[in-house]
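Reproduced below: entry-v8.cif, with mmCIF, C-alpha atoms and all ligand atoms.
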data_protein
#
loop_
_atom_site.label_atom_id
_atom_site.label_comp_id
_atom_site.auth_asym_id
_atom_site.auth_seq_id
_atom_site.Cartn_x
_atom_site.Cartn_y
_atom_site.Cartn_z
CA MET A 913 -34.83 -1.99 32.18
CA SER A 914 -36.40 -3.64 29.14
CA PHE A 915 -36.44 -7.09 27.54
CA GLU A 916 -33.93 -5.83 24.94
CA THR A 917 -31.11 -6.15 27.49
CA PHE A 918 -31.38 -9.97 27.47
CA ASN A 919 -30.43 -10.14 23.76
CA PHE A 920 -33.12 -12.62 22.83
CA ASP A 921 -33.44 -13.56 19.18
CA PRO A 922 -35.80 -11.23 17.22
CA SER A 923 -38.25 -14.13 16.74
CA ILE A 924 -38.54 -14.45 20.55
CA MET A 925 -38.83 -10.69 21.03
CA ALA A 926 -41.74 -10.79 18.58
CA GLY A 927 -43.48 -13.21 20.97
CA VAL A 928 -42.74 -10.96 23.97
CA ARG A 929 -44.34 -8.04 22.14
CA ALA A 930 -47.30 -10.14 20.99
CA ILE A 931 -48.06 -11.22 24.56
CA GLY A 932 -47.78 -7.60 25.71
CA TYR A 933 -44.87 -7.68 28.16
CA VAL A 934 -42.97 -4.41 28.28
CA THR A 935 -40.89 -4.46 31.45
CA PRO A 936 -39.41 -7.62 32.95
CA THR A 937 -40.71 -8.52 36.42
CA PRO A 938 -38.17 -8.87 39.29
CA ILE A 939 -37.99 -12.69 38.97
CA GLN A 940 -37.37 -12.33 35.24
CA LEU A 941 -34.62 -9.77 35.87
CA GLN A 942 -32.90 -12.03 38.37
CA ALA A 943 -33.44 -15.45 36.85
CA ILE A 944 -33.05 -14.92 33.09
CA PRO A 945 -29.30 -13.99 33.07
CA PRO A 946 -28.07 -17.08 35.01
CA ILE A 947 -30.44 -19.38 33.07
CA MET A 948 -29.09 -17.95 29.81
CA GLN A 949 -25.56 -18.72 31.04
CA GLY A 950 -26.59 -22.34 31.43
CA ARG A 951 -26.54 -22.31 35.24
CA ASP A 952 -28.87 -24.43 37.37
CA VAL A 953 -31.31 -22.16 39.21
CA ILE A 954 -33.53 -22.40 42.26
CA GLY A 955 -36.31 -19.83 41.92
CA LEU A 956 -38.10 -19.03 45.14
CA ALA A 957 -41.11 -17.26 43.81
CA GLN A 958 -44.81 -17.50 44.36
CA THR A 959 -47.34 -17.61 41.53
CA GLY A 960 -48.17 -14.30 39.93
CA THR A 961 -44.57 -13.09 39.80
CA GLY A 962 -43.96 -13.88 36.13
CA LYS A 963 -41.88 -17.00 36.78
CA THR A 964 -43.20 -18.86 33.70
CA ALA A 965 -41.63 -16.43 31.24
CA ALA A 966 -38.49 -16.37 33.42
CA PHE A 967 -37.78 -19.96 32.41
CA ALA A 968 -39.70 -20.10 29.11
CA LEU A 969 -37.78 -17.32 27.32
CA PRO A 970 -34.27 -18.73 27.95
CA ILE A 971 -35.56 -22.20 26.96
CA LEU A 972 -36.82 -20.84 23.63
CA GLN A 973 -33.51 -19.07 23.10
CA ARG A 974 -31.50 -22.21 23.87
CA LEU A 975 -33.52 -24.51 21.62
CA LEU A 976 -33.93 -22.05 18.76
CA HIS A 977 -30.90 -23.24 16.80
CA GLY A 978 -30.89 -26.80 18.13
CA GLN A 979 -31.97 -30.02 16.46
CA ARG A 980 -35.70 -30.00 15.65
CA GLY A 981 -37.97 -32.97 16.31
CA GLN A 982 -36.41 -34.06 19.58
CA VAL A 983 -37.50 -33.04 23.07
CA GLY A 984 -34.98 -30.48 24.28
CA ALA A 985 -36.88 -29.15 27.29
CA ALA A 986 -39.39 -30.63 29.73
CA ILE A 987 -41.36 -28.70 32.31
CA ILE A 988 -42.99 -30.76 35.05
CA SER A 989 -45.92 -29.09 36.75
CA PRO A 990 -48.42 -30.26 39.37
CA THR A 991 -51.84 -29.78 37.74
CA ARG A 992 -53.51 -29.93 34.35
CA GLU A 993 -54.50 -26.29 34.66
CA LEU A 994 -50.95 -25.11 35.31
CA THR A 995 -49.69 -27.40 32.56
CA GLU A 996 -52.16 -25.89 30.08
CA GLN A 997 -51.28 -22.36 31.13
CA THR A 998 -47.55 -22.91 30.89
CA TYR A 999 -48.07 -24.54 27.50
CA GLU A 1000 -50.14 -21.55 26.34
CA THR A 1001 -47.54 -19.05 27.57
CA ILE A 1002 -44.73 -20.93 25.80
CA SER A 1003 -46.80 -21.24 22.61
CA LYS A 1004 -47.51 -17.49 22.62
CA LEU A 1005 -43.95 -16.45 23.45
CA GLY A 1006 -42.58 -18.90 20.90
CA GLN A 1007 -45.14 -18.26 18.17
CA LYS A 1008 -42.51 -16.96 15.72
CA THR A 1009 -39.82 -19.52 16.58
CA ARG A 1010 -41.41 -22.60 14.98
CA LEU A 1011 -40.56 -24.53 18.13
CA ARG A 1012 -43.35 -26.97 18.91
CA SER A 1013 -44.67 -27.78 22.36
CA ILE A 1014 -47.15 -30.19 23.88
CA ALA A 1015 -49.20 -30.29 27.09
CA ILE A 1016 -49.21 -33.76 28.65
CA TYR A 1017 -51.60 -34.74 31.45
CA GLY A 1018 -53.89 -37.56 32.45
CA GLY A 1019 -57.67 -37.80 32.27
CA VAL A 1020 -57.62 -37.37 28.48
CA SER A 1021 -56.79 -39.77 25.65
CA ILE A 1022 -53.14 -40.81 25.56
CA ASP A 1023 -53.34 -41.69 21.84
CA GLN A 1024 -53.62 -38.09 20.70
CA GLN A 1025 -50.59 -37.21 22.80
CA ILE A 1026 -48.67 -40.12 21.30
CA GLN A 1027 -49.57 -38.93 17.81
CA ARG A 1028 -48.34 -35.40 18.52
CA LEU A 1029 -45.16 -36.75 20.05
CA ARG A 1030 -44.57 -38.84 16.93
CA ASN A 1031 -44.97 -35.75 14.76
CA GLY A 1032 -42.04 -34.21 16.62
CA ILE A 1033 -41.99 -31.63 19.41
CA GLU A 1034 -39.21 -29.75 21.14
CA ILE A 1035 -40.83 -28.67 24.43
CA ALA A 1036 -42.97 -30.88 26.68
CA VAL A 1037 -45.01 -29.43 29.56
CA ALA A 1038 -46.25 -32.33 31.64
CA CYS A 1039 -47.87 -33.58 34.81
CA PRO A 1040 -45.66 -36.22 36.44
CA GLY A 1041 -48.04 -39.21 36.27
CA ARG A 1042 -48.78 -39.09 32.55
CA LEU A 1043 -45.20 -38.20 31.69
CA LEU A 1044 -44.10 -41.32 33.52
CA ASP A 1045 -46.70 -43.36 31.56
CA HIS A 1046 -45.17 -42.10 28.31
CA LEU A 1047 -41.65 -42.84 29.51
CA LEU A 1048 -42.61 -46.38 30.52
CA LYS A 1049 -44.43 -46.97 27.23
CA GLY A 1050 -41.47 -45.58 25.31
CA THR A 1051 -43.68 -43.01 23.59
CA ILE A 1052 -41.55 -40.06 24.65
CA ASP A 1053 -37.79 -39.87 24.21
CA LEU A 1054 -36.03 -37.62 26.69
CA SER A 1055 -32.52 -38.75 25.84
CA HIS A 1056 -31.75 -35.38 24.20
CA LEU A 1057 -33.14 -33.31 27.05
CA GLU A 1058 -31.12 -30.16 27.62
CA VAL A 1059 -33.29 -28.36 30.17
CA LEU A 1060 -35.53 -29.76 32.89
CA VAL A 1061 -37.83 -27.46 34.87
CA ILE A 1062 -39.59 -28.59 38.04
CA ASP A 1063 -42.31 -26.01 38.60
CA GLU A 1064 -44.20 -25.45 41.86
CA ALA A 1065 -42.09 -28.13 43.49
CA ASP A 1066 -43.61 -27.61 46.95
CA ARG A 1067 -47.10 -28.13 45.57
CA MET A 1068 -45.99 -31.31 43.84
CA LEU A 1069 -44.70 -32.54 47.15
CA ASP A 1070 -48.05 -31.70 48.82
CA MET A 1071 -49.86 -33.62 46.12
CA GLY A 1072 -47.71 -36.72 46.63
CA PHE A 1073 -45.84 -36.52 43.32
CA LEU A 1074 -42.31 -36.82 44.72
CA PRO A 1075 -41.97 -40.59 43.98
CA ASP A 1076 -43.14 -40.03 40.37
CA ILE A 1077 -40.64 -37.22 39.96
CA GLN A 1078 -37.88 -39.40 41.31
CA SER A 1079 -38.83 -42.16 38.85
CA ILE A 1080 -38.77 -39.65 36.00
CA LEU A 1081 -35.35 -38.39 37.10
CA ARG A 1082 -34.00 -41.94 37.04
CA CYS A 1083 -34.93 -42.11 33.33
CA LEU A 1084 -32.93 -38.96 32.47
CA LEU A 1085 -29.29 -38.33 31.78
CA ARG A 1086 -27.57 -36.21 34.42
CA GLN A 1087 -26.02 -33.82 31.94
CA ARG A 1088 -28.60 -31.12 31.59
CA GLN A 1089 -29.60 -27.77 32.98
CA THR A 1090 -32.08 -28.07 35.84
CA LEU A 1091 -34.33 -25.29 37.12
CA LEU A 1092 -36.46 -25.70 40.20
CA PHE A 1093 -39.23 -23.26 41.13
CA SER A 1094 -41.03 -23.32 44.45
CA ALA A 1095 -42.89 -20.84 46.64
CA THR A 1096 -41.44 -22.44 49.79
CA MET A 1097 -38.48 -24.67 50.61
CA PRO A 1098 -39.59 -27.55 52.83
CA ASP A 1099 -36.86 -30.07 53.75
CA ASP A 1100 -37.87 -32.65 51.13
CA ILE A 1101 -37.55 -30.07 48.35
CA ARG A 1102 -34.23 -28.85 49.74
CA HIS A 1103 -32.93 -32.44 49.65
CA LEU A 1104 -34.25 -32.97 46.13
CA ALA A 1105 -32.52 -29.75 45.04
CA GLN A 1106 -29.23 -30.89 46.62
CA ASP A 1107 -29.49 -34.21 44.75
CA ILE A 1108 -30.36 -32.97 41.30
CA LEU A 1109 -29.02 -29.43 40.91
CA HIS A 1110 -25.40 -28.69 40.17
CA ASP A 1111 -23.95 -25.60 41.87
CA PRO A 1112 -27.27 -23.72 41.63
CA VAL A 1113 -27.85 -19.98 41.75
CA THR A 1114 -30.74 -19.13 44.06
CA VAL A 1115 -33.01 -16.25 43.15
CA GLN A 1116 -35.67 -15.16 45.58
CA ILE A 1117 -38.42 -12.66 45.12
CA GLY A 1118 -39.19 -10.86 48.33
CA ARG A 1119 -40.22 -12.82 51.35
CA ILE A 1120 -42.42 -15.81 50.85
CA MET A 1121 -45.59 -13.94 51.59
CA PRO A 1122 -48.68 -12.81 49.77
CA ALA A 1123 -48.23 -10.23 47.03
CA THR A 1124 -48.10 -6.67 48.32
CA THR A 1125 -50.54 -5.46 45.69
CA VAL A 1126 -53.26 -7.29 47.61
CA SER A 1127 -55.20 -5.76 50.50
CA HIS A 1128 -56.34 -8.18 53.15
CA ALA A 1129 -59.42 -8.07 55.38
CA LEU A 1130 -61.16 -10.44 57.74
CA TYR A 1131 -64.91 -10.90 58.10
CA PRO A 1132 -65.73 -12.55 61.41
CA VAL A 1133 -68.92 -14.59 60.94
CA LYS A 1134 -70.62 -17.69 62.28
CA GLN A 1135 -70.32 -20.77 60.11
CA HIS A 1136 -74.03 -21.00 59.25
CA LEU A 1137 -74.14 -17.37 58.05
CA LYS A 1138 -71.23 -17.59 55.62
CA THR A 1139 -73.31 -18.07 52.48
CA ALA A 1140 -75.73 -15.29 53.38
CA LEU A 1141 -72.78 -12.98 54.07
CA LEU A 1142 -71.11 -13.99 50.79
CA ILE A 1143 -74.25 -13.21 48.81
CA GLU A 1144 -74.69 -9.87 50.54
CA LEU A 1145 -71.04 -8.93 50.04
CA LEU A 1146 -71.18 -9.83 46.36
CA ARG A 1147 -74.35 -7.77 45.93
CA ARG A 1148 -72.81 -4.72 47.51
CA THR A 1149 -69.23 -4.86 46.19
CA GLU A 1150 -68.06 -3.77 42.79
CA THR A 1151 -66.00 -6.66 41.48
CA LYS A 1152 -64.47 -8.03 38.33
CA SER A 1153 -63.93 -11.79 38.40
CA VAL A 1154 -64.20 -13.34 41.85
CA LEU A 1155 -62.60 -16.54 43.08
CA VAL A 1156 -64.24 -18.11 46.15
CA PHE A 1157 -62.32 -20.80 48.03
CA THR A 1158 -63.95 -23.50 50.10
CA ARG A 1159 -62.25 -26.32 51.93
CA THR A 1160 -64.20 -29.31 50.62
CA ARG A 1161 -65.49 -30.46 47.25
CA TYR A 1162 -68.97 -30.86 48.67
CA ARG A 1163 -69.02 -27.30 49.93
CA THR A 1164 -67.67 -26.02 46.61
CA GLU A 1165 -70.65 -27.50 44.79
CA ARG A 1166 -73.14 -26.36 47.42
CA VAL A 1167 -71.92 -22.75 47.54
CA ALA A 1168 -71.85 -22.52 43.73
CA GLN A 1169 -75.46 -23.77 43.62
CA GLN A 1170 -76.53 -21.28 46.28
CA LEU A 1171 -74.91 -18.41 44.37
CA LYS A 1172 -76.62 -19.50 41.15
CA ARG A 1173 -79.97 -19.61 42.93
CA ALA A 1174 -79.31 -16.08 44.19
CA GLY A 1175 -78.90 -14.95 40.56
CA PHE A 1176 -75.10 -14.85 40.17
CA LYS A 1177 -73.22 -16.18 37.17
CA ALA A 1178 -71.28 -18.73 39.16
CA THR A 1179 -69.60 -22.04 38.48
CA SER A 1180 -67.51 -24.53 40.42
CA LEU A 1181 -64.16 -26.27 40.06
CA GLN A 1182 -63.16 -29.30 42.08
CA SER A 1183 -61.23 -32.42 41.32
CA ASP A 1184 -64.24 -34.78 41.09
CA LEU A 1185 -65.39 -33.09 37.89
CA SER A 1186 -64.67 -34.69 34.53
CA GLN A 1187 -62.02 -32.98 32.39
CA PRO A 1188 -64.59 -31.47 29.95
CA ARG A 1189 -66.53 -29.97 32.88
CA ARG A 1190 -63.37 -28.56 34.44
CA GLN A 1191 -62.35 -27.08 31.12
CA ALA A 1192 -65.84 -25.60 30.60
CA ALA A 1193 -65.71 -24.01 34.08
CA LEU A 1194 -62.23 -22.60 33.46
CA ASP A 1195 -63.01 -21.34 29.98
CA GLY A 1196 -66.25 -19.74 31.18
CA PHE A 1197 -64.41 -18.03 34.02
CA ARG A 1198 -61.64 -16.84 31.73
CA THR A 1199 -64.00 -15.36 29.16
CA GLY A 1200 -66.19 -13.76 31.82
CA ALA A 1201 -69.28 -15.90 31.09
CA PHE A 1202 -69.01 -16.88 34.76
CA LYS A 1203 -68.07 -14.01 37.00
CA ILE A 1204 -67.64 -16.16 40.08
CA LEU A 1205 -65.69 -19.39 40.40
CA VAL A 1206 -66.02 -21.44 43.57
CA ALA A 1207 -63.08 -23.81 43.95
CA THR A 1208 -61.02 -26.00 46.23
CA ASP A 1209 -57.32 -25.26 46.70
CA ILE A 1210 -56.03 -28.10 44.58
CA ALA A 1211 -58.44 -27.60 41.69
CA ALA A 1212 -57.61 -23.89 41.52
CA ARG A 1213 -53.85 -24.34 41.17
CA GLY A 1214 -52.58 -22.46 38.20
CA ILE A 1215 -55.72 -20.47 37.49
CA ASP A 1216 -54.56 -17.33 35.80
CA VAL A 1217 -57.31 -14.84 35.09
CA LEU A 1218 -55.99 -11.32 34.99
CA ARG A 1219 -59.34 -9.79 35.84
CA ILE A 1220 -59.62 -11.46 39.25
CA SER A 1221 -60.33 -8.52 41.56
CA HIS A 1222 -61.36 -10.46 44.66
CA VAL A 1223 -60.34 -13.68 46.29
CA ILE A 1224 -62.84 -14.64 48.97
CA ASN A 1225 -61.83 -17.29 51.45
CA TYR A 1226 -65.23 -18.73 52.36
CA ASP A 1227 -63.23 -21.13 54.50
CA MET A 1228 -59.91 -20.19 56.06
CA PRO A 1229 -57.08 -21.99 54.23
CA GLU A 1230 -55.28 -24.72 56.12
CA SER A 1231 -51.83 -23.14 56.04
CA ILE A 1232 -50.05 -19.89 55.30
CA ASP A 1233 -48.75 -21.46 52.08
CA ALA A 1234 -52.28 -22.25 50.98
CA TYR A 1235 -53.28 -18.65 51.80
CA THR A 1236 -50.37 -17.35 49.74
CA ASN A 1237 -51.29 -19.55 46.82
CA ARG A 1238 -54.94 -18.56 46.91
CA ILE A 1239 -54.12 -14.88 47.15
CA GLY A 1240 -51.54 -15.26 44.35
CA ARG A 1241 -54.58 -15.48 42.05
CA THR A 1242 -55.33 -11.78 42.48
CA GLY A 1243 -53.14 -8.69 42.45
CA ARG A 1244 -51.04 -10.28 39.72
CA VAL A 1245 -48.15 -8.20 38.40
CA ASN A 1246 -48.91 -4.69 39.58
CA ARG A 1247 -52.68 -5.04 39.57
CA ASN A 1248 -54.57 -4.50 42.78
CA GLY A 1249 -56.71 -7.11 44.41
CA ASP A 1250 -58.71 -7.70 47.56
CA ALA A 1251 -58.40 -10.78 49.71
CA LEU A 1252 -61.42 -11.21 51.98
CA THR A 1253 -61.37 -14.02 54.50
CA PHE A 1254 -64.36 -15.27 56.47
CA VAL A 1255 -63.25 -16.27 59.95
CA THR A 1256 -65.03 -18.18 62.68
CA SER A 1257 -63.74 -18.57 66.22
CA VAL A 1258 -61.95 -21.83 65.33
CA ASP A 1259 -59.69 -19.92 62.93
CA ALA A 1260 -58.06 -17.78 65.65
CA SER A 1261 -54.63 -19.40 65.54
CA MET A 1262 -54.40 -19.18 61.73
CA VAL A 1263 -55.29 -15.49 61.97
CA ASP A 1264 -52.45 -15.03 64.49
CA ASP A 1265 -50.00 -16.79 62.15
CA LEU A 1266 -51.14 -14.74 59.19
CA GLU A 1267 -50.76 -11.44 61.04
CA ARG A 1268 -47.29 -12.47 62.20
CA ILE A 1269 -46.14 -13.37 58.68
CA LEU A 1270 -47.69 -10.33 57.04
CA ASN A 1271 -46.48 -8.23 59.94
CA VAL A 1272 -49.72 -6.27 60.11
CA LYS A 1273 -52.87 -6.31 62.16
CA LEU A 1274 -55.51 -7.32 59.65
CA GLU A 1275 -58.60 -5.19 59.42
CA ARG A 1276 -61.77 -6.82 60.84
CA ARG A 1277 -64.80 -5.75 58.84
CA THR A 1278 -68.48 -6.05 59.49
CA LEU A 1279 -71.05 -5.58 56.77
CA GLN A 1280 -73.37 -2.76 57.76
CA GLY A 1281 -77.00 -3.86 58.01
CA PHE A 1282 -76.22 -7.58 57.76
CA ASP A 1283 -78.00 -9.57 60.46
CA TYR A 1284 -75.21 -11.42 62.27
CA ASN A 1285 -77.61 -12.72 64.91
CA VAL A 1286 -79.72 -15.13 62.89
CA SER A 1287 -79.49 -18.42 64.77
CA ALA A 1288 -78.36 -21.68 63.19
CA PRO A 1289 -81.00 -24.00 61.76
CA ASP A 1290 -81.68 -27.04 63.99
CA SER A 1291 -80.68 -29.54 61.37
CA GLY A 1292 -78.67 -29.37 58.21
CA TYR A 1293 -75.22 -28.38 59.10
CA VAL A 1294 -74.89 -30.00 62.52
CA ARG A 1295 -74.22 -33.54 61.39
CA SER A 1296 -72.55 -35.46 64.14
CA THR A 1297 -72.25 -35.45 67.87
CA GLN A 1298 -68.72 -34.20 67.54
CA GLN A 1299 -69.79 -31.31 65.35
CA LEU A 1300 -72.66 -30.60 67.71
CA ARG A 1301 -70.21 -30.35 70.57
CA ARG A 1302 -67.93 -28.02 68.59
CA HIS A 1303 -70.94 -26.00 67.57
CA THR A 1304 -72.05 -25.58 71.18
CA VAL A 1305 -68.58 -24.58 72.34
CA ARG A 1306 -68.38 -22.08 69.51
CA ASN A 1307 -71.73 -20.55 70.34
CA GLN A 1308 -70.79 -20.30 74.00
CA ARG A 1309 -67.53 -18.58 73.07
CA THR A 1310 -69.31 -16.18 70.74
CA SER A 1311 -71.95 -15.28 73.30
CA ASN A 1312 -69.24 -14.69 75.89
CA ASN A 1313 -67.56 -12.18 73.61
P1 LIG B 1 -46.78 -16.35 36.33
O1 LIG B 1 -46.20 -16.05 37.69
O2 LIG B 1 -45.77 -16.86 35.38
O3 LIG B 1 -48.00 -17.23 36.46
O4 LIG B 1 -47.28 -14.96 35.70
C1 LIG B 1 -48.31 -14.21 36.27
C2 LIG B 1 -48.98 -13.27 35.29
O5 LIG B 1 -48.10 -12.21 34.95
C3 LIG B 1 -49.37 -13.90 33.97
O6 LIG B 1 -50.64 -13.42 33.63
C4 LIG B 1 -48.35 -13.39 32.99
O7 LIG B 1 -48.86 -13.32 31.68
C5 LIG B 1 -48.05 -12.02 33.55
N1 LIG B 1 -46.67 -11.54 33.25
C6 LIG B 1 -45.53 -12.27 33.27
N2 LIG B 1 -44.47 -11.51 32.96
C7 LIG B 1 -44.94 -10.26 32.73
C8 LIG B 1 -44.32 -9.02 32.36
N3 LIG B 1 -43.00 -8.91 32.18
N4 LIG B 1 -45.12 -7.95 32.21
C9 LIG B 1 -46.45 -8.04 32.41
N5 LIG B 1 -47.12 -9.20 32.76
C10 LIG B 1 -46.35 -10.28 32.91
#
Please, can you express the file's structure as structure tokens?
Amino acid sequence: MSFETFNFDPSIMAGVRAIGYVTPTPIQLQAIPPIMQGRDVIGLAQTGTGKTAAFALPILQRLLHGQRGQVGAAIISPTRELTEQTYETISKLGQKTRLRSIAIYGGVSIDQQIQRLRNGIEIAVACPGRLLDHLLKGTIDLSHLEVLVIDEADRMLDMGFLPDIQSILRCLLRQRQTLLFSATMPDDIRHLAQDILHDPVTVQIGRIMPATTVSHALYPVKQHLKTALLIELLRRTETKSVLVFTRTRYRTERVAQQLKRAGFKATSLQSDLSQPRRQAALDGFRTGAFKILVATDIAARGIDVLRISHVINYDMPESIDAYTNRIGRTGRVNRNGDALTFVTSVDASMVDDLERILNVKLERRTLQGFDYNVSAPDSGYVRSTQQLRRHTVRNQRTSNN
């Protein structure tokens, strides 16, 4: 099956060729035909499945012969990074169509966005907060909107964007095509879908679980030895780009510093950084100037670096969804990837859940020659009585094993 079967305009096919897609991915095969027929669609697909082109190509086709200079399609997405990436994908796919798009998000000057909007655009990719600012200021006109896409809806819910989205929806006419993409379907998203979609077609790619091109392994380790283990693993493993996930912003910075001191080309990404620093970290990671990116879950949303060979969970993610999203960064579209997760004794129940969902017993690995018995320093990471208590319980449990 090839892209020819969708009968896209030659100017759009030129973009498909330029970006290098040859065979449609399963979500593209399932979602493109109903979207082209004008149906509302719910796409249950995790990142890394090719969902962006699944909605971008039919949007380009639909707007190709429409009125220029008015916003015909809006894509709402949860983070600046995902917004930029979706914008880039649409710009590349639409490079021969003369359709103009814009990426709209906060943390940067609104005036430049207003200027571009005034010059006339047809496709807006936007984070909810800044889009709402433009709507309230009257600097964007969505009265001619034909297609609305809500991308990564579950993540938007997690990030507290549902009220903003509802405010945006109140500003829009009901007559339009609506597409909603989400990796999972929590109740709030199901209700939103019932409210705003008309007779939708649901397309689902596999079970909602991590991509099968990824191999998963666990590294049991004590908390205070995680950085030493990470450094040793990185020294001994052949990798391309590596994404390391930590649970807190503080730890993200600390681990990145420790890796730099150990001689690695590492950088960090977390939401406290200014937009120029985030962009520098992302650009450096994308070009390969930094081989390792240490990030928190939220900051890493939407990172799309095809060379990512390893995702290392320095800290166990808080939910299976978060695991799926982290792992979605590697093994993208038929490439292989490794997901390595450091686990301490407090992570036992998440490991159980993960094995149940993946339906496999995950391999436990130990790094030959690594000294797992170094004791914790007296100060430093034990910060409060509560932590001290947890620490003692953990040590007792480990020594009983
Ligand atoms: P997405 O799920 O939209 O973030 O896409 C994941 C990755 O797959 C991106 O790097 C896309 O450029 C790539 N991709 C999307 N569709 C295809 C395709 N048909 N063939 C090859 N790569 C693709």
Would you mind reading off the distance between CA of Ala1065 in chain A and CA of Leu1155 in chain A, one decimal, in Å?
23.6 Å
Around ligand LIG 1 (chain B), with edges along x, y and z and 4 Å added on all six sides, what centre and edge lengths do you get, in Å to one decimal, as AutoDock Vina command-line options?
--center_x -46.8 --center_y -12.6 --center_z 34.7 --size_x 15.6 --size_y 17.3 --size_z 14.0
Selection: 7 Å around Ile1016 in chain A, only C-alpha atoms, excl. self and same-chain fewer than 5 positions, as a list in words:
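Non-adjacent residues within range: Gln1025, Val1037, Ala1038, Cys1039, Arg1042 and Leu1043 of chain A.
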In Å, with one decimal, what is the gap from CA of Ile987 in chain A to atom C8 of ligand LIG 1 (chain B)?
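Result for CA of Ile987 in chain A versus atom C8 of ligand LIG 1 (chain B): 19.9 Å, one decimal.
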Rounded to one decimal, what separation in Å do you get between CA of Ile924 in chain A and CA of Phe1093 in chain A?
22.4 Å
Can you rebuild range 957-962 of chain A with all heavy atoms and give it as an mmCIF file, keeping the file's coordinate frame?
data_model
loop_
_atom_site.group_PDB
_atom_site.id
_atom_site.type_symbol
_atom_site.label_atom_id
_atom_site.label_comp_id
_atom_site.auth_asym_id
_atom_site.auth_seq_id
_atom_site.Cartn_x
_atom_site.Cartn_y
_atom_site.Cartn_z
ATOM 1 N N ALA A 957 -40.162 -18.284 44.216
ATOM 2 C CA ALA A 957 -41.110 -17.260 43.810
ATOM 3 C C ALA A 957 -42.511 -17.834 43.819
ATOM 4 O O ALA A 957 -42.727 -18.966 43.399
ATOM 5 C CB ALA A 957 -40.782 -16.771 42.405
ATOM 6 N N GLN A 958 -43.433 -17.044 44.338
ATOM 7 C CA GLN A 958 -44.810 -17.500 44.360
ATOM 8 C C GLN A 958 -45.450 -17.275 42.988
ATOM 9 O O GLN A 958 -44.865 -16.612 42.123
ATOM 10 C CB GLN A 958 -45.584 -16.752 45.430
ATOM 11 C CG GLN A 958 -45.665 -15.273 45.162
ATOM 12 C CD GLN A 958 -46.092 -14.496 46.400
ATOM 13 O OE1 GLN A 958 -45.402 -14.458 47.399
ATOM 14 N NE2 GLN A 958 -47.232 -13.876 46.313
ATOM 15 N N THR A 959 -46.638 -17.817 42.798
ATOM 16 C CA THR A 959 -47.340 -17.610 41.530
ATOM 17 C C THR A 959 -47.699 -16.127 41.391
ATOM 18 O O THR A 959 -47.848 -15.429 42.378
ATOM 19 C CB THR A 959 -48.643 -18.417 41.476
ATOM 20 O OG1 THR A 959 -49.344 -18.161 42.683
ATOM 21 C CG2 THR A 959 -48.387 -19.888 41.343
ATOM 22 N N GLY A 960 -47.795 -15.687 40.161
ATOM 23 C CA GLY A 960 -48.170 -14.300 39.930
ATOM 24 C C GLY A 960 -46.978 -13.375 39.798
ATOM 25 O O GLY A 960 -47.128 -12.171 39.622
ATOM 26 N N THR A 961 -45.765 -13.927 39.867
ATOM 27 C CA THR A 961 -44.570 -13.090 39.800
ATOM 28 C C THR A 961 -43.988 -13.022 38.383
ATOM 29 O O THR A 961 -43.073 -12.257 38.123
ATOM 30 C CB THR A 961 -43.469 -13.648 40.738
ATOM 31 O OG1 THR A 961 -43.311 -15.043 40.440
ATOM 32 C CG2 THR A 961 -43.840 -13.487 42.199
ATOM 33 N N GLY A 962 -44.499 -13.844 37.494
ATOM 34 C CA GLY A 962 -43.960 -13.880 36.130
ATOM 35 C C GLY A 962 -42.901 -14.952 35.960
ATOM 36 O O GLY A 962 -42.077 -14.902 35.053
#
